[in-house]
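Q: Structure supplied as model.cif; contents: mmCIF, C-alpha atoms.
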```cif
data_model
#
loop_
_atom_site.group_PDB
_atom_site.id
_atom_site.type_symbol
_atom_site.label_atom_id
_atom_site.label_comp_id
_atom_site.auth_asym_id
_atom_site.auth_seq_id
_atom_site.Cartn_x
_atom_site.Cartn_y
_atom_site.Cartn_z
ATOM 1 C CA MET A 1 -10.968 -3.601 -25.917
ATOM 2 C CA GLU A 2 -9.855 -0.034 -26.201
ATOM 3 C CA LEU A 3 -12.921 1.561 -24.669
ATOM 4 C CA ASN A 4 -12.355 -0.468 -21.504
ATOM 5 C CA TYR A 5 -8.783 0.800 -21.427
ATOM 6 C CA ILE A 6 -9.862 4.427 -21.723
ATOM 7 C CA PHE A 7 -12.568 3.971 -19.080
ATOM 8 C CA PHE A 8 -10.133 2.423 -16.607
ATOM 9 C CA THR A 9 -7.440 5.053 -17.180
ATOM 10 C CA THR A 10 -9.914 7.868 -16.508
ATOM 11 C CA LEU A 11 -11.097 6.079 -13.360
ATOM 12 C CA PHE A 12 -7.467 5.556 -12.344
ATOM 13 C CA LEU A 13 -6.549 9.230 -12.616
ATOM 14 C CA GLY A 14 -9.691 10.441 -10.853
ATOM 15 C CA ILE A 15 -9.353 7.989 -7.983
ATOM 16 C CA SER A 16 -5.641 8.689 -7.543
ATOM 17 C CA ILE A 17 -6.428 12.401 -7.198
ATOM 18 C CA LEU A 18 -9.253 11.630 -4.759
ATOM 19 C CA ILE A 19 -6.895 9.648 -2.478
ATOM 20 C CA PHE A 20 -5.109 12.782 -1.323
ATOM 21 C CA LEU A 21 -8.216 14.922 -0.818
ATOM 22 C CA GLN A 22 -9.905 12.865 1.869
ATOM 23 C CA GLU A 23 -10.158 13.942 5.481
ATOM 24 C CA ASN A 24 -10.728 10.455 6.844
ATOM 25 C CA PRO A 25 -7.742 8.186 6.087
ATOM 26 C CA VAL A 26 -9.940 5.092 5.875
ATOM 27 C CA TYR A 27 -11.599 6.481 2.770
ATOM 28 C CA SER A 28 -8.211 7.365 1.282
ATOM 29 C CA ILE A 29 -7.058 3.770 1.781
ATOM 30 C CA LEU A 30 -10.229 2.440 0.183
ATOM 31 C CA TYR A 31 -9.548 4.713 -2.791
ATOM 32 C CA LEU A 32 -5.968 3.354 -2.794
ATOM 33 C CA ILE A 33 -7.325 -0.192 -3.133
ATOM 34 C CA LEU A 34 -9.597 0.953 -5.972
ATOM 35 C CA SER A 35 -6.663 2.593 -7.763
ATOM 36 C CA PHE A 36 -4.591 -0.612 -7.472
ATOM 37 C CA CYS A 37 -7.512 -2.576 -8.925
ATOM 38 C CA CYS A 38 -7.755 -0.040 -11.756
ATOM 39 C CA ALA A 39 -4.023 -0.453 -12.487
ATOM 40 C CA ALA A 40 -4.529 -4.209 -12.634
ATOM 41 C CA PHE A 41 -7.458 -3.852 -15.025
ATOM 42 C CA ILE A 42 -5.405 -1.515 -17.225
ATOM 43 C CA LEU A 43 -2.744 -4.211 -17.453
ATOM 44 C CA PHE A 44 -5.431 -6.782 -18.307
ATOM 45 C CA CYS A 45 -6.692 -4.550 -21.073
ATOM 46 C CA LEU A 46 -3.167 -4.083 -22.439
ATOM 47 C CA GLY A 47 -2.585 -7.841 -22.474
ATOM 48 C CA ALA A 48 -0.165 -8.084 -19.539
ATOM 49 C CA ASN A 49 -2.248 -10.656 -17.709
ATOM 50 C CA ILE A 50 0.499 -11.928 -15.381
ATOM 51 C CA PHE A 51 1.242 -8.500 -13.995
ATOM 52 C CA GLY A 52 -2.436 -7.780 -13.497
ATOM 53 C CA ILE A 53 -2.631 -10.886 -11.349
ATOM 54 C CA PHE A 54 0.594 -9.884 -9.531
ATOM 55 C CA PHE A 55 -0.790 -6.417 -8.831
ATOM 56 C CA ILE A 56 -4.017 -7.771 -7.378
ATOM 57 C CA LEU A 57 -2.125 -10.353 -5.295
ATOM 58 C CA ILE A 58 0.639 -8.142 -3.913
ATOM 59 C CA TYR A 59 -0.687 -4.597 -3.902
ATOM 60 C CA VAL A 60 -4.291 -5.299 -2.920
ATOM 61 C CA GLY A 61 -3.655 -8.458 -0.926
ATOM 62 C CA ALA A 62 -0.570 -7.396 1.000
ATOM 63 C CA ILE A 63 0.153 -3.663 0.974
ATOM 64 C CA ALA A 64 -3.340 -2.169 1.080
ATOM 65 C CA VAL A 65 -4.424 -4.626 3.769
ATOM 66 C CA LEU A 66 -1.334 -3.627 5.788
ATOM 67 C CA PHE A 67 -2.382 0.017 5.537
ATOM 68 C CA LEU A 68 -5.889 -0.926 6.641
ATOM 69 C CA PHE A 69 -4.566 -2.812 9.690
ATOM 70 C CA VAL A 70 -2.456 0.164 10.711
ATOM 71 C CA VAL A 71 -5.406 2.531 10.388
ATOM 72 C CA MET A 72 -7.431 0.177 12.564
ATOM 73 C CA MET A 73 -4.674 0.081 15.200
ATOM 74 C CA VAL A 74 -4.011 3.817 15.301
ATOM 75 C CA ASP A 75 -6.990 5.567 16.839
ATOM 76 C CA ILE A 76 -7.969 8.633 14.855
ATOM 77 C CA LYS A 77 -11.214 10.472 15.197
ATOM 78 C CA LYS A 78 -9.979 14.043 15.107
ATOM 79 C CA ARG A 79 -9.838 16.176 12.033
ATOM 80 C CA GLN A 80 -6.053 16.228 11.907
ATOM 81 C CA PHE A 81 -5.859 14.441 8.577
ATOM 82 C CA SER A 82 -7.104 17.119 6.233
ATOM 83 C CA PHE A 83 -4.718 17.448 3.339
ATOM 84 C CA PHE A 84 -6.372 20.656 2.214
ATOM 85 C CA THR A 85 -8.342 22.751 4.629
ATOM 86 C CA ASN A 86 -11.389 22.828 2.366
ATOM 87 C CA ASN A 87 -13.809 20.024 1.923
ATOM 88 C CA ALA A 88 -13.109 17.392 -0.729
ATOM 89 C CA ASN A 89 -16.462 18.042 -2.389
ATOM 90 C CA ASP A 90 -15.155 21.367 -3.660
ATOM 91 C CA TYR A 91 -12.677 19.554 -5.850
ATOM 92 C CA THR A 92 -14.986 16.928 -7.337
ATOM 93 C CA ARG A 93 -16.258 19.203 -10.106
ATOM 94 C CA PHE A 94 -12.683 20.030 -11.061
ATOM 95 C CA ILE A 95 -11.742 16.345 -11.089
ATOM 96 C CA VAL A 96 -14.785 15.400 -13.162
ATOM 97 C CA PHE A 97 -13.941 18.187 -15.637
ATOM 98 C CA ILE A 98 -10.324 17.006 -15.987
ATOM 99 C CA ASN A 99 -11.480 13.418 -16.409
ATOM 100 C CA PHE A 100 -13.994 14.442 -19.073
ATOM 101 C CA ILE A 101 -11.265 16.278 -20.992
ATOM 102 C CA TYR A 102 -8.937 13.301 -20.705
ATOM 103 C CA PHE A 103 -11.632 10.835 -21.765
ATOM 104 C CA SER A 104 -12.574 12.884 -24.828
ATOM 105 C CA PHE A 105 -8.918 13.369 -25.801
ATOM 106 C CA THR A 106 -8.055 9.694 -25.521
ATOM 107 C CA TYR A 107 -11.253 8.617 -27.255
ATOM 108 C CA PHE A 108 -10.766 10.907 -30.237
ATOM 109 C CA THR A 109 -7.107 10.001 -30.605
ATOM 110 C CA SER A 110 -7.655 6.281 -30.131
ATOM 111 C CA SER A 111 -7.263 3.907 -33.006
ATOM 112 C CA SER A 112 -10.772 2.431 -32.873
ATOM 113 C CA PHE A 113 -12.236 5.884 -33.391
ATOM 114 C CA SER A 114 -9.836 6.512 -36.243
ATOM 115 C CA LYS A 115 -10.659 3.105 -37.667
ATOM 116 C CA GLN A 116 -14.325 4.000 -37.805
ATOM 117 C CA TYR A 117 -13.642 7.121 -39.810
ATOM 118 C CA ASN A 118 -10.724 5.739 -41.843
ATOM 119 C CA ILE A 119 -8.214 8.305 -40.648
ATOM 120 C CA VAL A 120 -5.332 5.908 -40.098
ATOM 121 C CA LEU A 121 -4.612 3.465 -42.870
ATOM 122 C CA ASP A 122 -2.090 1.073 -41.273
ATOM 123 C CA GLU A 123 -4.336 -1.589 -39.868
ATOM 124 C CA GLU A 124 -1.580 -4.091 -39.083
ATOM 125 C CA LYS A 125 -0.015 -1.725 -36.572
ATOM 126 C CA TYR A 126 -3.274 -1.198 -34.731
ATOM 127 C CA LYS A 127 -4.171 -4.710 -33.688
ATOM 128 C CA LEU A 128 -5.621 -4.566 -30.208
ATOM 129 C CA VAL A 129 -5.595 -7.213 -27.546
ATOM 130 C CA GLU A 130 -9.229 -8.048 -26.933
ATOM 131 C CA PHE A 131 -9.110 -9.268 -23.380
ATOM 132 C CA PHE A 132 -12.695 -10.269 -22.804
ATOM 133 C CA GLN A 133 -13.111 -12.119 -26.103
ATOM 134 C CA ALA A 134 -9.859 -14.011 -25.533
ATOM 135 C CA ASN A 135 -11.018 -15.077 -22.087
ATOM 136 C CA VAL A 136 -14.315 -16.318 -23.440
ATOM 137 C CA LYS A 137 -12.541 -18.398 -26.059
ATOM 138 C CA ASN A 138 -9.769 -19.967 -23.969
ATOM 139 C CA THR A 139 -11.133 -20.195 -20.480
ATOM 140 C CA ALA A 140 -8.418 -19.940 -17.848
ATOM 141 C CA PHE A 141 -5.770 -21.662 -19.932
ATOM 142 C CA ASN A 142 -4.047 -19.256 -22.225
ATOM 143 C CA ILE A 143 -1.017 -20.508 -24.102
ATOM 144 C CA ASP A 144 0.617 -17.092 -24.391
ATOM 145 C CA ILE A 145 0.615 -16.710 -20.629
ATOM 146 C CA LEU A 146 2.322 -20.073 -20.185
ATOM 147 C CA GLU A 147 5.063 -19.282 -22.701
ATOM 148 C CA GLU A 148 5.649 -15.889 -21.151
ATOM 149 C CA MET A 149 5.792 -17.337 -17.638
ATOM 150 C CA GLN A 150 8.237 -20.042 -18.720
ATOM 151 C CA TYR A 151 10.508 -17.506 -20.359
ATOM 152 C CA MET A 152 10.330 -15.157 -17.378
ATOM 153 C CA GLY A 153 11.055 -17.968 -14.963
ATOM 154 C CA GLN A 154 14.072 -19.137 -16.940
ATOM 155 C CA VAL A 155 15.563 -15.656 -17.034
ATOM 156 C CA LEU A 156 14.672 -14.896 -13.403
ATOM 157 C CA PHE A 157 16.051 -18.046 -11.815
ATOM 158 C CA ASN A 158 19.116 -18.426 -14.006
ATOM 159 C CA GLU A 159 20.515 -14.959 -14.585
ATOM 160 C CA TYR A 160 18.988 -13.254 -11.569
ATOM 161 C CA GLY A 161 19.058 -16.069 -9.012
ATOM 162 C CA ILE A 162 21.279 -14.164 -6.592
ATOM 163 C CA ALA A 163 19.045 -11.131 -6.962
ATOM 164 C CA VAL A 164 16.012 -13.230 -6.047
ATOM 165 C CA TYR A 165 17.816 -14.434 -2.919
ATOM 166 C CA LEU A 166 18.735 -10.851 -2.047
ATOM 167 C CA ALA A 167 15.120 -9.722 -2.511
ATOM 168 C CA GLY A 168 13.943 -12.440 -0.158
ATOM 169 C CA PHE A 169 16.611 -11.433 2.356
ATOM 170 C CA MET A 170 15.473 -7.817 2.069
ATOM 171 C CA LEU A 171 11.885 -8.832 2.842
ATOM 172 C CA PHE A 172 13.157 -10.802 5.856
ATOM 173 C CA ILE A 173 15.093 -7.770 7.104
ATOM 174 C CA ALA A 174 11.979 -5.614 6.697
ATOM 175 C CA LEU A 175 10.019 -8.105 8.808
ATOM 176 C CA VAL A 176 12.669 -8.118 11.554
ATOM 177 C CA ILE A 177 12.931 -4.317 11.578
ATOM 178 C CA SER A 178 9.164 -3.843 11.775
ATOM 179 C CA ILE A 179 8.996 -6.243 14.723
ATOM 180 C CA CYS A 180 11.940 -4.578 16.507
ATOM 181 C CA LEU A 181 10.439 -1.106 16.062
ATOM 182 C CA THR A 182 7.052 -1.985 17.471
ATOM 183 C CA LEU A 183 8.114 -4.261 20.364
ATOM 184 C CA GLU A 184 8.564 -2.974 23.878
ATOM 185 C CA PHE A 185 10.789 -5.517 25.569
ATOM 186 C CA LYS A 186 10.838 -4.769 29.294
ATOM 187 C CA GLN A 187 7.243 -3.894 30.035
ATOM 188 C CA ASN A 188 5.670 -6.713 28.114
ATOM 189 C CA PHE A 189 8.042 -9.266 29.639
ATOM 190 C CA LYS A 190 7.372 -8.122 33.215
ATOM 191 C CA GLU A 191 3.602 -8.043 32.818
ATOM 192 C CA ALA A 192 3.518 -11.440 31.156
ATOM 193 C CA SER A 193 5.821 -12.998 33.763
ATOM 194 C CA THR A 194 3.830 -11.663 36.727
ATOM 195 C CA ILE A 195 0.508 -12.744 35.265
ATOM 196 C CA ALA A 196 1.898 -16.181 34.464
ATOM 197 C CA GLN A 197 3.311 -16.569 37.997
ATOM 198 C CA GLN A 198 -0.020 -15.633 39.475
ATOM 199 C CA GLN A 199 -1.883 -18.024 37.234
ATOM 200 C CA LEU A 200 0.490 -20.938 37.663
ATOM 201 C CA SER A 201 1.038 -20.644 41.410
ATOM 202 C CA ARG A 202 -0.537 -23.065 43.880
ATOM 203 C CA ASN A 203 -2.828 -20.353 45.226
ATOM 204 C CA SER A 204 -4.169 -19.687 41.780
ATOM 205 C CA HIS A 205 -7.725 -19.191 43.010
ATOM 206 C CA LYS A 206 -6.579 -15.902 44.527
ATOM 207 C CA PHE A 207 -5.774 -14.603 41.086
ATOM 208 C CA PHE A 208 -9.352 -15.052 39.954
ATOM 209 C CA MET B 1 3.263 -9.168 -28.252
ATOM 210 C CA LEU B 2 3.788 -5.573 -29.232
ATOM 211 C CA LEU B 3 1.677 -2.757 -27.933
ATOM 212 C CA ASP B 4 -0.189 -0.217 -29.958
ATOM 213 C CA GLN B 5 1.661 3.072 -30.450
ATOM 214 C CA THR B 6 -1.176 5.331 -29.325
ATOM 215 C CA LEU B 7 -1.912 3.160 -26.295
ATOM 216 C CA PHE B 8 1.781 3.292 -25.400
ATOM 217 C CA ILE B 9 1.846 7.080 -25.474
ATOM 218 C CA HIS B 10 -1.410 7.323 -23.504
ATOM 219 C CA GLN B 11 -0.090 4.974 -20.844
ATOM 220 C CA ILE B 12 3.175 6.891 -20.513
ATOM 221 C CA SER B 13 1.207 10.123 -20.055
ATOM 222 C CA VAL B 14 -0.957 8.440 -17.402
ATOM 223 C CA ASN B 15 2.147 7.280 -15.536
ATOM 224 C CA PHE B 16 3.647 10.765 -15.678
ATOM 225 C CA PHE B 17 0.458 12.318 -14.281
ATOM 226 C CA LEU B 18 0.367 9.716 -11.501
ATOM 227 C CA PHE B 19 3.955 10.491 -10.518
ATOM 228 C CA PHE B 20 3.233 14.222 -10.612
ATOM 229 C CA ILE B 21 0.071 13.889 -8.489
ATOM 230 C CA SER B 22 1.848 11.848 -5.827
ATOM 231 C CA LEU B 23 4.868 14.175 -5.804
ATOM 232 C CA THR B 24 2.667 17.246 -5.302
ATOM 233 C CA ALA B 25 0.772 15.418 -2.566
ATOM 234 C CA ILE B 26 4.009 14.611 -0.719
ATOM 235 C CA ALA B 27 5.289 18.177 -1.162
ATOM 236 C CA LEU B 28 2.080 19.900 -0.048
ATOM 237 C CA ASN B 29 1.316 17.478 2.767
ATOM 238 C CA ARG B 30 2.452 19.116 5.982
ATOM 239 C CA ASN B 31 0.843 17.222 8.791
ATOM 240 C CA ASN B 32 0.074 13.655 7.931
ATOM 241 C CA PHE B 33 2.560 10.818 7.739
ATOM 242 C CA LEU B 34 0.207 8.162 6.380
ATOM 243 C CA ILE B 35 -0.742 10.194 3.316
ATOM 244 C CA ALA B 36 2.971 10.608 2.575
ATOM 245 C CA LEU B 37 3.396 6.819 2.718
ATOM 246 C CA ILE B 38 0.497 6.381 0.289
ATOM 247 C CA GLY B 39 2.171 8.929 -1.982
ATOM 248 C CA PHE B 40 5.435 6.961 -1.958
ATOM 249 C CA GLU B 41 3.444 3.840 -2.768
ATOM 250 C CA ILE B 42 1.778 5.450 -5.774
ATOM 251 C CA MET B 43 5.109 6.834 -7.002
ATOM 252 C CA LEU B 44 6.504 3.296 -6.955
ATOM 253 C CA LEU B 45 3.378 2.032 -8.742
ATOM 254 C CA SER B 46 3.810 4.555 -11.549
ATOM 255 C CA ALA B 47 7.458 3.570 -11.968
ATOM 256 C CA ASN B 48 6.427 -0.067 -12.017
ATOM 257 C CA LEU B 49 3.784 0.549 -14.668
ATOM 258 C CA ASN B 50 6.362 2.412 -16.738
ATOM 259 C CA PHE B 51 8.744 -0.557 -16.607
ATOM 260 C CA ILE B 52 5.996 -3.009 -17.583
ATOM 261 C CA ILE B 53 4.707 -0.860 -20.436
ATOM 262 C CA PHE B 54 8.169 -0.287 -21.900
ATOM 263 C CA SER B 55 8.997 -3.983 -21.649
ATOM 264 C CA TYR B 56 5.810 -4.947 -23.471
ATOM 265 C CA HIS B 57 6.319 -2.294 -26.102
ATOM 266 C CA PHE B 58 9.880 -3.286 -26.950
ATOM 267 C CA ASN B 59 9.218 -7.020 -26.358
ATOM 268 C CA ASP B 60 11.938 -7.244 -23.722
ATOM 269 C CA VAL B 61 11.883 -9.443 -20.637
ATOM 270 C CA TYR B 62 14.200 -7.475 -18.344
ATOM 271 C CA GLY B 63 11.688 -4.744 -17.569
ATOM 272 C CA LYS B 64 9.228 -7.340 -16.312
ATOM 273 C CA ILE B 65 11.875 -8.887 -14.051
ATOM 274 C CA PHE B 66 12.852 -5.490 -12.697
ATOM 275 C CA SER B 67 9.193 -4.762 -11.948
ATOM 276 C CA ILE B 68 9.038 -7.835 -9.697
ATOM 277 C CA PHE B 69 11.962 -6.471 -7.667
ATOM 278 C CA ILE B 70 10.194 -3.098 -7.462
ATOM 279 C CA LEU B 71 7.177 -4.924 -6.030
ATOM 280 C CA THR B 72 9.344 -6.378 -3.239
ATOM 281 C CA ILE B 73 10.863 -2.959 -2.551
ATOM 282 C CA ALA B 74 7.377 -1.416 -2.283
ATOM 283 C CA ALA B 75 6.232 -4.110 0.132
ATOM 284 C CA SER B 76 9.267 -3.780 2.445
ATOM 285 C CA GLU B 77 9.135 0.034 2.321
ATOM 286 C CA SER B 78 5.483 0.133 3.321
ATOM 287 C CA ALA B 79 6.082 -2.349 6.157
ATOM 288 C CA ILE B 80 8.974 -0.362 7.658
ATOM 289 C CA GLY B 81 7.191 2.969 7.193
ATOM 290 C CA LEU B 82 4.067 1.761 8.934
ATOM 291 C CA ALA B 83 6.162 0.308 11.780
ATOM 292 C CA ILE B 84 7.815 3.725 12.226
ATOM 293 C CA LEU B 85 4.336 5.301 12.195
ATOM 294 C CA ILE B 86 3.143 3.018 14.994
ATOM 295 C CA ALA B 87 6.296 3.680 17.042
ATOM 296 C CA ALA B 88 5.801 7.439 16.627
ATOM 297 C CA TYR B 89 2.158 7.108 17.608
ATOM 298 C CA LYS B 90 3.177 5.253 20.784
ATOM 299 C CA ILE B 91 5.621 8.002 21.761
ATOM 300 C CA LEU B 92 3.829 11.142 20.630
ATOM 301 C CA GLY B 93 0.168 10.205 20.669
ATOM 302 C CA THR B 94 -0.479 11.719 17.251
ATOM 303 C CA ILE B 95 0.771 11.251 13.709
ATOM 304 C CA GLU B 96 1.360 14.934 12.996
ATOM 305 C CA ILE B 97 4.938 15.467 11.933
ATOM 306 C CA THR B 98 5.601 19.188 11.750
ATOM 307 C CA ASN B 99 4.712 20.515 15.184
ATOM 308 C CA SER B 100 6.396 17.790 17.164
ATOM 309 C CA SER B 101 8.877 15.679 15.328
ATOM 310 C CA LEU B 102 10.734 12.827 16.946
ATOM 311 C CA LEU B 103 14.167 14.415 16.615
ATOM 312 C CA LEU B 104 13.151 17.777 18.016
ATOM 313 C CA LYS B 105 11.464 16.290 21.051
ATOM 314 C CA SER B 106 14.400 14.272 22.356
#
```
For the structure just supplied, provide its representation as structure tokens.

A:
Amino acid sequence: MELNYIFFTTLFLGISILIFLQENPVYSILYLILSFCCAAFILFCLGANIFGIFFILIYVGAIAVLFLFVVMMVDIKKRQFSFFTNNANDYTRFIVFINFIYFSFTYFTSSSFSKQYNIVLDEEKYKLVEFFQANVKNTAFNIDILEEMQYMGQVLFNEYGIAVYLAGFMLFIALVISICLTLEFKQNFKEASTIAQQQLSRNSHKFF
Amino acid sequence: MLLDQTLFIHQISVNFFLFFISLTAIALNRNNFLIALIGFEIMLLSANLNFIIFSYHFNDVYGKIFSIFILTIAASESAIGLAILIAAYKILGTIEITNSSLLLKS
């Protein structure tokens, strides 16, 4: 449906502006998750179902949760995170105004609106992908998705097989680097060894 | 499957505005490192959406494959950036960049 597309694009723009206006970073990360979900729904509305699923799996399931874990680990209660010095509520009217302008512009230039009033005559060009109706008809087993996935897999694992290996190696290197940056070798080893010696010694009741 | 022409143009404009918003946020952000990381993430998302939209519009498979590699790049970039953030927080105690950067303090 086209109205769903316009609704989700307006939400997407408004939320992506609101990310950078928050004082508390937890709220900004929650808005980040909402914006990723909106991007996925936009792709669903456009007919790119596989990439909507990929976006929800990777962006929401991996990256946004990583941000959330880091915000939980880093202790922040001060007001050192204000992007602008003013409060975010001062900008909400501006954002709502911009979103209203964008919504009206996209709605009046969309093809369903022009179909209603017979402005555009080429109807074969303006066939829309009706996501919700298609899902009601073929529940969870869409033939177009299967063909597209087969074609993508053939191209990805034949032509770009080395590139897939390199991408996996890059993810492995990122894992190793993130571990090496956050580890502290000497202190942790000493503390663990002393505690283990105290626990495993014969006079272990002295430890407790 | 070919996309609608008007939807294509709308989506390209949305991607441009996303890129512009995140770029202004990174440029104007003076004290917070985490907001800058979120800005990089949204810049990569807009580029990714552009690749997907162009590939669906021209019925080409290579844009979709490139978008998968961009997804892996975004994941590794966010992991390394957040690891650097935690290391800086251990040393400095805060995440503010400008007043006390890691290079100036050493």

Q: Between B:Ser78, B:Ser67, B:Ser46, B:Gln5, which has the minimum distance to Leu156 in chain A (counting all atoms listed in the file)?

A: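 The closest residue to Leu156 in chain A is B:Ser67.
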
Q: In the coordinate frame of the file, compute which residues have an atom within 9 Å of (14.7, 0.7, -14.0) when using only C-alpha atoms, and state them as an MDAnalysis selection string.

A: chainID B and resid 47:48 50:51 63 66:67 70

Q: Using only C-alpha atoms, pick whichever of B:Leu92, B:Ala25, B:Ala36, B:Leu49 has the shortest atom-to-atom distance to Ser13 in chain B.

A: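 Going through B:Leu92, B:Ala25, B:Ala36, B:Leu49 one by one, the smallest distance to Ser13 in chain B is for B:Leu49.
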
Q: Find, counting all atoms listed in the file, the residue in B:Ala74, B:Leu18, B:Ile84, B:Ile35 that gets nearest to Ile15 in chain A.

A: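 Distance minimum relative to Ile15 in chain A lands on B:Leu18.
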
Q: Tell me which protein, DNA and RNA residues are within 10 Å of range 98-101 of chain A, counting only C-alpha atoms, leaving out same-chain ones fewer than 5 positions away, and put them as a list in words.

A: Phe7, Thr9, Thr10, Leu11, Phe12, Leu13, Gly14, Thr92, Arg93, Thr106 and Tyr107 of chain A

Q: Taking only residues of chain B that have an atom at most 7 Å from an atom of chain A, what is each one's shortest atom pair and its distance in Å to one decimal, using all atoms listed in the file, in chain and number order, as JSON lines?

A:
```
{"residue": "B:Asp4", "atom": "CA", "partner": "A:Tyr126", "partner_atom": "CA", "distance": 5.8}
{"residue": "B:Thr6", "atom": "CA", "partner": "A:Ser110", "partner_atom": "CA", "distance": 6.6}
{"residue": "B:Ile21", "atom": "CA", "partner": "A:Ile17", "partner_atom": "CA", "distance": 6.8}
{"residue": "B:Ala25", "atom": "CA", "partner": "A:Phe20", "partner_atom": "CA", "distance": 6.6}
{"residue": "B:Asn29", "atom": "CA", "partner": "A:Phe83", "partner_atom": "CA", "distance": 6.1}
{"residue": "B:Asn32", "atom": "CA", "partner": "A:Phe81", "partner_atom": "CA", "distance": 6.0}
{"residue": "B:Ile35", "atom": "CA", "partner": "A:Phe20", "partner_atom": "CA", "distance": 6.9}
{"residue": "B:Val61", "atom": "CA", "partner": "A:Met152", "partner_atom": "CA", "distance": 6.8}
{"residue": "B:Ile65", "atom": "CA", "partner": "A:Leu156", "partner_atom": "CA", "distance": 6.7}
{"residue": "B:Phe69", "atom": "CA", "partner": "A:Ala167", "partner_atom": "CA", "distance": 6.9}
{"residue": "B:Thr72", "atom": "CA", "partner": "A:Ala167", "partner_atom": "CA", "distance": 6.7}
{"residue": "B:Ala75", "atom": "CA", "partner": "A:Ile63", "partner_atom": "CA", "distance": 6.2}
{"residue": "B:Ser76", "atom": "CA", "partner": "A:Ala174", "partner_atom": "CA", "distance": 5.4}
{"residue": "B:Ser78", "atom": "CA", "partner": "A:Ile63", "partner_atom": "CA", "distance": 7.0}
{"residue": "B:Ala79", "atom": "CA", "partner": "A:Ser178", "partner_atom": "CA", "distance": 6.6}
{"residue": "B:Ile80", "atom": "CA", "partner": "A:Ser178", "partner_atom": "CA", "distance": 5.4}
{"residue": "B:Leu82", "atom": "CA", "partner": "A:Val70", "partner_atom": "CA", "distance": 6.9}
{"residue": "B:Ala83", "atom": "CA", "partner": "A:Ser178", "partner_atom": "CA", "distance": 5.1}
{"residue": "B:Ile84", "atom": "CA", "partner": "A:Leu181", "partner_atom": "CA", "distance": 6.7}
{"residue": "B:Ile86", "atom": "CA", "partner": "A:Thr182", "partner_atom": "CA", "distance": 6.8}
{"residue": "B:Ala87", "atom": "CA", "partner": "A:Thr182", "partner_atom": "CA", "distance": 5.7}
```

Q: Can I get the selection written as a compact mmCIF listing (two decimals), keeping the file's coordinate frame, with C-alpha atoms?

A:
```
# COMPACT_ATOMS: atom_id res chain seq x y z
CA ASP B 4 -0.19 -0.22 -29.96
CA THR B 6 -1.18 5.33 -29.32
CA ILE B 21 0.07 13.89 -8.49
CA ALA B 25 0.77 15.42 -2.57
CA ASN B 29 1.32 17.48 2.77
CA ASN B 32 0.07 13.66 7.93
CA ILE B 35 -0.74 10.19 3.32
CA VAL B 61 11.88 -9.44 -20.64
CA ILE B 65 11.88 -8.89 -14.05
CA PHE B 69 11.96 -6.47 -7.67
CA THR B 72 9.34 -6.38 -3.24
CA ALA B 75 6.23 -4.11 0.13
CA SER B 76 9.27 -3.78 2.44
CA SER B 78 5.48 0.13 3.32
CA ALA B 79 6.08 -2.35 6.16
CA ILE B 80 8.97 -0.36 7.66
CA LEU B 82 4.07 1.76 8.93
CA ALA B 83 6.16 0.31 11.78
CA ILE B 84 7.82 3.72 12.23
CA ILE B 86 3.14 3.02 14.99
CA ALA B 87 6.30 3.68 17.04
```

Q: Here is a test: counting all atoms listed in the file, which residue of B:Ile38, B:Leu23, B:Ala88, B:Phe8 is nearest to Ser55 in chain B?

A: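 Among the listed residues, the smallest separation from Ser55 in chain B belongs to B:Phe8.
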
Q: Have a look at B:Ser22, B:Ile73, B:Phe17, B:Ile12 and name the one nearest to Leu37 in chain B; count all atoms listed in the file.

A: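 Using all atoms listed in the file, Leu37 in chain B sits closest to B:Ser22.
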
Q: If I take CA of Leu57 in chain A and CA of Phe41 in chain A, how far is one from the other in Å, to one decimal?

A: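 Interatomic distance, CA of Leu57 in chain A to CA of Phe41 in chain A: 12.9 Å.
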
Q: Could you please determine the separation between CA of His10 in chain B and CA of Leu34 in chain A in Å, to one decimal place?

A: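 Those two atoms sit 20.4 Å apart.
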
Q: What is the distance between CA of Ile33 in chain A and CA of Leu68 in chain A, in Å to one decimal?

A: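 Between CA of Ile33 in chain A and CA of Leu68 in chain A the gap is 9.9 Å.
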
Q: Between B:Asn31, B:Glu96, B:Glu41, B:Ile53, which one has atoms that come closest to Asn15 in chain B, using all atoms listed in the file?

A: B:Ile53
